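Working notes, structure below.
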Amino acid sequence: MNITDELEKESIIAYLKSKNKNEVIRELTNHISKLHPNINTDQAYEVIIEREKLCSTALDVGVAIPHGKMSGISNFIITFGKSEQGIDFESLDGKPTHLFILILSPENSSGLHLKLLAKISKIFKIREFRSKLLNAKNSDEIYEIIAEEDAKH
């Protein structure tokens, strides 16, 4: 499974406005519902917040992968956001998080859900890849960087 099979250029927010964890999740879920009118923003937000209550989805490299399973969807929905200033997302290393990949998965997708999370985790641990994303100027550039790295794995 490729990330770019599910991530659309329009799903990328090159400059998040959010200042804290809940705002990031709200901004990303609002963006999803604009692109997918069948997605209820509040339901998507609650799915992600409930998962975050178990433990933070922030990795220790400035990346977070908030995710959750949602009823009523048949495909994975991915959105990406970048924060220039960084946000406290309760990462293990206590450092700010800059890159966010939010995933909504169909309820019955356990195997594929785990494979997608594993692939995203693997790719986003590559320092050079993260650096390129942090320096990207717009959504098109971010999408191309992700597509290029995605094709390698």
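Simple scheme: letters A, B, ... for chains in structure tokens order, numbers from 1 for residues in each chain, numbers from 1 for ligands in the order shown.
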
Kindly provide the residues of region 27-64 of chain A that approach region 117-124 of chain A to within 12 Å, each paired with its closest atom pair and their distance in Å to one decimal, based on only C-alpha atoms, listed by chain and increasing number, as JSON lines.
```
{"residue": "A:Thr57", "atom": "CA", "partner": "A:Ser121", "partner_atom": "CA", "distance": 10.5}
{"residue": "A:Ala58", "atom": "CA", "partner": "A:Ser121", "partner_atom": "CA", "distance": 10.3}
{"residue": "A:Leu59", "atom": "CA", "partner": "A:Ser121", "partner_atom": "CA", "distance": 8.2}
{"residue": "A:Asp60", "atom": "CA", "partner": "A:Phe124", "partner_atom": "CA", "distance": 10.6}
{"residue": "A:Val61", "atom": "CA", "partner": "A:Phe124", "partner_atom": "CA", "distance": 8.2}
{"residue": "A:Gly62", "atom": "CA", "partner": "A:Phe124", "partner_atom": "CA", "distance": 9.3}
{"residue": "A:Val63", "atom": "CA", "partner": "A:Phe124", "partner_atom": "CA", "distance": 7.2}
{"residue": "A:Ala64", "atom": "CA", "partner": "A:Ser121", "partner_atom": "CA", "distance": 9.1}
```

Would you mind exporting the chosen residues as a compact mmCIF listing (two decimals), in the first residue's frame, restricted to C-alpha atoms?
```
# COMPACT_ATOMS: atom_id res chain seq x y z
CA THR A 57 0.75 9.36 18.55
CA ALA A 58 3.79 11.66 18.41
CA LEU A 59 7.06 10.02 17.45
CA ASP A 60 10.31 11.29 18.91
CA VAL A 61 11.46 12.91 15.64
CA GLY A 62 9.05 15.84 15.33
CA VAL A 63 6.35 13.72 13.69
CA ALA A 64 2.88 12.70 14.85
```

Contacts of Ser33 (chain A) within 10 Å, only C-alpha atoms, excl. fewer than 6 positions in-chain, as a PyMOL selection string = chain A and resi 39-42+44

Deliver the residues from the most recent selection as a file, using N, CA and C atoms, as an mmCIF file, in the first residue's frame.
```cif
data_model
loop_
_atom_site.group_PDB
_atom_site.id
_atom_site.type_symbol
_atom_site.label_atom_id
_atom_site.label_comp_id
_atom_site.auth_asym_id
_atom_site.auth_seq_id
_atom_site.Cartn_x
_atom_site.Cartn_y
_atom_site.Cartn_z
ATOM 1 N N ILE A 39 -17.972 13.080 5.628
ATOM 2 C CA ILE A 39 -17.294 12.918 6.917
ATOM 3 C C ILE A 39 -17.812 13.985 7.876
ATOM 4 N N ASN A 40 -18.307 13.544 9.010
ATOM 5 C CA ASN A 40 -18.757 14.454 10.053
ATOM 6 C C ASN A 40 -17.525 14.919 10.833
ATOM 7 N N THR A 41 -17.272 16.216 10.807
ATOM 8 C CA THR A 41 -16.086 16.783 11.454
ATOM 9 C C THR A 41 -16.002 16.419 12.930
ATOM 10 N N ASP A 42 -17.106 16.574 13.638
ATOM 11 C CA ASP A 42 -17.095 16.300 15.076
ATOM 12 C C ASP A 42 -16.828 14.828 15.361
ATOM 13 N N ALA A 44 -15.148 12.715 13.397
ATOM 14 C CA ALA A 44 -13.743 12.463 13.074
ATOM 15 C C ALA A 44 -12.831 12.979 14.195
#
```

Per-residue nearest contacts of region 59-144 of chain A to region 9-32 of chain A (6 Å; only C-alpha atoms) as a tab-separated table:
```
residue	atom	partner	partner_atom	distance
A:Thr79	CA	A:Ser11	CA	4.8
A:Phe80	CA	A:Ile12	CA	4.8
A:Gly81	CA	A:Ile13	CA	4.6
A:Lys82	CA	A:Ala14	CA	5.4
A:Ser83	CA	A:Leu16	CA	5.1
A:Ile87	CA	A:Asn20	CA	5.7
A:Phe89	CA	A:Lys21	CA	5.4
A:Asn138	CA	A:Ala14	CA	5.4
A:Ser139	CA	A:Ala14	CA	5.3
A:Tyr143	CA	A:Lys9	CA	5.8
```

Residue list (alpha helix (DSSP H), DSSP) for chain A, as a PyMOL selection string = chain A and resi 21-35+41-54+110-124+127-135+139-152

ask   = Looking at A:Lys115, A:Asp93, A:Ile101, A:Asp88, which one is nearest to Ile146 (chain A), with distances taken over only C-alpha atoms?
value =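 Nearest to Ile146 (chain A): A:Ile101.
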
Separation of CA of Ile49 (chain A) from CA of Ser131 (chain A) in Å =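 Atom-to-atom, CA of Ser131 (chain A) to CA of Ile49 (chain A), that is 27.8 Å.
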
ask   = Could you name the residues that touch His67 (chain A) at 8 Å or less, counting only C-alpha atoms, but leaving out those on the same chain fewer than 5 positions away, as a ChimeraX atom specification?
value = /A:47-48,51,57,102-105

Any chance you can output those residues with N, CA and C atoms as a PDB file, in the first residue's frame?
```
ATOM      1  N   VAL A  47     -13.010  10.636  17.218  1.00  0.00           N
ATOM      2  CA  VAL A  47     -12.292   9.380  16.961  1.00  0.00           C
ATOM      3  C   VAL A  47     -10.802   9.572  17.239  1.00  0.00           C
ATOM      4  N   ILE A  48     -10.256  10.675  16.737  1.00  0.00           N
ATOM      5  CA  ILE A  48      -8.823  10.939  16.921  1.00  0.00           C
ATOM      6  C   ILE A  48      -8.506  11.267  18.385  1.00  0.00           C
ATOM      7  N   ARG A  51      -8.402   8.180  20.551  1.00  0.00           N
ATOM      8  CA  ARG A  51      -7.165   7.417  20.354  1.00  0.00           C
ATOM      9  C   ARG A  51      -6.011   8.102  21.077  1.00  0.00           C
ATOM     10  N   THR A  57       0.284   9.966  19.800  1.00  0.00           N
ATOM     11  CA  THR A  57       0.752   9.355  18.554  1.00  0.00           C
ATOM     12  C   THR A  57       1.970  10.092  18.003  1.00  0.00           C
ATOM     13  N   LEU A 102      -2.505  12.656   9.595  1.00  0.00           N
ATOM     14  CA  LEU A 102      -3.723  12.173  10.243  1.00  0.00           C
ATOM     15  C   LEU A 102      -4.391  11.142   9.345  1.00  0.00           C
ATOM     16  N   ILE A 103      -4.757   9.999   9.939  1.00  0.00           N
ATOM     17  CA  ILE A 103      -5.363   8.903   9.186  1.00  0.00           C
ATOM     18  C   ILE A 103      -6.696   8.514   9.792  1.00  0.00           C
ATOM     19  N   LEU A 104      -7.720   8.474   8.960  1.00  0.00           N
ATOM     20  CA  LEU A 104      -9.003   7.871   9.329  1.00  0.00           C
ATOM     21  C   LEU A 104      -9.101   6.573   8.549  1.00  0.00           C
ATOM     22  N   SER A 105      -9.355   5.486   9.242  1.00  0.00           N
ATOM     23  CA  SER A 105      -9.434   4.168   8.626  1.00  0.00           C
ATOM     24  C   SER A 105     -10.830   3.593   8.778  1.00  0.00           C
TER      25      SER A 105
END
```

Gap from CA of Thr4 (chain A) to CA of Asp150 (chain A) - Å, one decimal = 7.3 Å

message = Could you pull out the strand (DSSP E) residues of chain A, going by DSSP on the backbone, and write them as number ranges by chain?
response = A: 7-13, 63-64, 67-70, 77-87, 97-106

Can I get the selection written as a JSON list (two decimals), in the first residue's frame, with N, CA and C atoms?
```json
[["chain", "number", "residue", "atom", "x", "y", "z"],
["A", 7, "LEU", "N", -3.49, 9.71, -0.07],
["A", 7, "LEU", "CA", -3.23, 11.13, 0.19],
["A", 7, "LEU", "C", -3.37, 11.92, -1.10],
["A", 8, "GLU", "N", -4.21, 12.93, -1.08],
["A", 8, "GLU", "CA", -4.40, 13.80, -2.23],
["A", 8, "GLU", "C", -3.66, 15.11, -1.99],
["A", 9, "LYS", "N", -3.23, 15.77, -3.07],
["A", 9, "LYS", "CA", -2.56, 17.07, -2.91],
["A", 9, "LYS", "C", -3.43, 18.04, -2.13],
["A", 10, "GLU", "N", -4.73, 17.99, -2.39],
["A", 10, "GLU", "CA", -5.67, 18.91, -1.74],
["A", 10, "GLU", "C", -5.77, 18.63, -0.23],
["A", 11, "SER", "N", -5.31, 17.47, 0.20],
["A", 11, "SER", "CA", -5.39, 17.08, 1.61],
["A", 11, "SER", "C", -4.23, 17.62, 2.44],
["A", 12, "ILE", "N", -3.34, 18.34, 1.81],
["A", 12, "ILE", "CA", -2.13, 18.82, 2.47],
["A", 12, "ILE", "C", -2.29, 20.28, 2.88],
["A", 13, "ILE", "N", -1.97, 20.56, 4.14],
["A", 13, "ILE", "CA", -1.94, 21.93, 4.65],
["A", 13, "ILE", "C", -0.47, 22.27, 4.89],
["A", 63, "VAL", "N", 7.43, 14.24, 14.54],
["A", 63, "VAL", "CA", 6.35, 13.72, 13.69],
["A", 63, "VAL", "C", 5.26, 13.13, 14.57],
["A", 64, "ALA", "N", 4.01, 13.35, 14.18],
["A", 64, "ALA", "CA", 2.88, 12.70, 14.85],
["A", 64, "ALA", "C", 1.99, 12.06, 13.80],
["A", 67, "HIS", "N", -4.39, 8.97, 14.49],
["A", 67, "HIS", "CA", -5.16, 8.05, 13.66],
["A", 67, "HIS", "C", -6.30, 7.43, 14.46],
["A", 68, "GLY", "N", -7.25, 6.89, 13.73],
["A", 68, "GLY", "CA", -8.37, 6.21, 14.36],
["A", 68, "GLY", "C", -9.24, 5.54, 13.32],
["A", 69, "LYS", "N", -10.05, 4.63, 13.79],
["A", 69, "LYS", "CA", -10.99, 3.91, 12.92],
["A", 69, "LYS", "C", -12.36, 4.55, 13.06],
["A", 70, "MET", "N", -13.00, 4.72, 11.92],
["A", 70, "MET", "CA", -14.26, 5.45, 11.90],
["A", 70, "MET", "C", -15.33, 4.67, 11.15],
["A", 77, "ILE", "N", -8.56, 7.70, 4.68],
["A", 77, "ILE", "CA", -8.51, 9.13, 4.39],
["A", 77, "ILE", "C", -7.32, 9.68, 5.15],
["A", 78, "ILE", "N", -6.42, 10.30, 4.41],
["A", 78, "ILE", "CA", -5.20, 10.83, 5.01],
["A", 78, "ILE", "C", -5.10, 12.32, 4.72],
["A", 79, "THR", "N", -4.69, 13.06, 5.72],
["A", 79, "THR", "CA", -4.35, 14.46, 5.52],
["A", 79, "THR", "C", -3.01, 14.73, 6.18],
["A", 80, "PHE", "N", -2.31, 15.72, 5.68],
["A", 80, "PHE", "CA", -0.98, 16.05, 6.16],
["A", 80, "PHE", "C", -0.95, 17.54, 6.50],
["A", 81, "GLY", "N", -0.29, 17.88, 7.58],
["A", 81, "GLY", "CA", -0.11, 19.28, 7.93],
["A", 81, "GLY", "C", 1.29, 19.52, 8.47],
["A", 82, "LYS", "N", 1.78, 20.73, 8.22],
["A", 82, "LYS", "CA", 3.11, 21.11, 8.69],
["A", 82, "LYS", "C", 3.00, 22.37, 9.53],
["A", 83, "SER", "N", 3.64, 22.35, 10.69],
["A", 83, "SER", "CA", 3.68, 23.50, 11.59],
["A", 83, "SER", "C", 5.10, 24.05, 11.62],
["A", 84, "GLU", "N", 5.25, 25.27, 11.20],
["A", 84, "GLU", "CA", 6.57, 25.91, 11.20],
["A", 84, "GLU", "C", 7.13, 26.05, 12.61],
["A", 85, "GLN", "N", 6.29, 26.53, 13.54],
["A", 85, "GLN", "CA", 6.76, 26.79, 14.90],
["A", 85, "GLN", "C", 6.85, 25.53, 15.75],
["A", 86, "GLY", "N", 6.13, 24.48, 15.37],
["A", 86, "GLY", "CA", 6.11, 23.26, 16.16],
["A", 86, "GLY", "C", 5.07, 23.35, 17.27],
["A", 87, "ILE", "N", 4.55, 22.22, 17.65],
["A", 87, "ILE", "CA", 3.46, 22.14, 18.61],
["A", 87, "ILE", "C", 3.76, 21.06, 19.64],
["A", 97, "THR", "N", 6.43, 19.07, 17.82],
["A", 97, "THR", "CA", 6.09, 18.28, 16.63],
["A", 97, "THR", "C", 5.80, 19.25, 15.48],
["A", 98, "HIS", "N", 6.35, 18.95, 14.32],
["A", 98, "HIS", "CA", 6.20, 19.82, 13.15],
["A", 98, "HIS", "C", 5.41, 19.18, 12.01],
["A", 99, "LEU", "N", 5.46, 17.86, 11.91],
["A", 99, "LEU", "CA", 4.84, 17.16, 10.79],
["A", 99, "LEU", "C", 3.73, 16.25, 11.31],
["A", 100, "PHE", "N", 2.55, 16.37, 10.70],
["A", 100, "PHE", "CA", 1.37, 15.63, 11.16],
["A", 100, "PHE", "C", 0.75, 14.87, 9.99],
["A", 101, "ILE", "N", 0.54, 13.58, 10.17],
["A", 101, "ILE", "CA", -0.13, 12.75, 9.18],
["A", 101, "ILE", "C", -1.33, 12.13, 9.87],
["A", 102, "LEU", "N", -2.50, 12.66, 9.59],
["A", 102, "LEU", "CA", -3.72, 12.17, 10.24],
["A", 102, "LEU", "C", -4.39, 11.14, 9.35],
["A", 103, "ILE", "N", -4.76, 10.00, 9.94],
["A", 103, "ILE", "CA", -5.36, 8.90, 9.19],
["A", 103, "ILE", "C", -6.70, 8.51, 9.79],
["A", 104, "LEU", "N", -7.72, 8.47, 8.96],
["A", 104, "LEU", "CA", -9.00, 7.87, 9.33],
["A", 104, "LEU", "C", -9.10, 6.57, 8.55],
["A", 105, "SER", "N", -9.36, 5.49, 9.24],
["A", 105, "SER", "CA", -9.43, 4.17, 8.63],
["A", 105, "SER", "C", -10.83, 3.59, 8.78],
["A", 106, "PRO", "N", -11.24, 2.78, 7.80],
["A", 106, "PRO", "CA", -12.51, 2.06, 7.97],
["A", 106, "PRO", "C", -12.44, 1.15, 9.20]]
```

message = Let me make sure I understand: among A:Ser91, A:Arg127, A:Phe76, A:Glu149, which one has the smallest atom-to-atom distance to Asn108 (chain A) if we use only C-alpha atoms?
response =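 So, comparing all the options, the nearest one is A:Phe76.
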
inquiry  = Please compute the CA of Phe129 (chain A)-CA of Glu141 (chain A) distance, one decimal, in Å.
reply    =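 CA of Glu141 (chain A) lies at a distance of 12.4 Å from CA of Phe129 (chain A).
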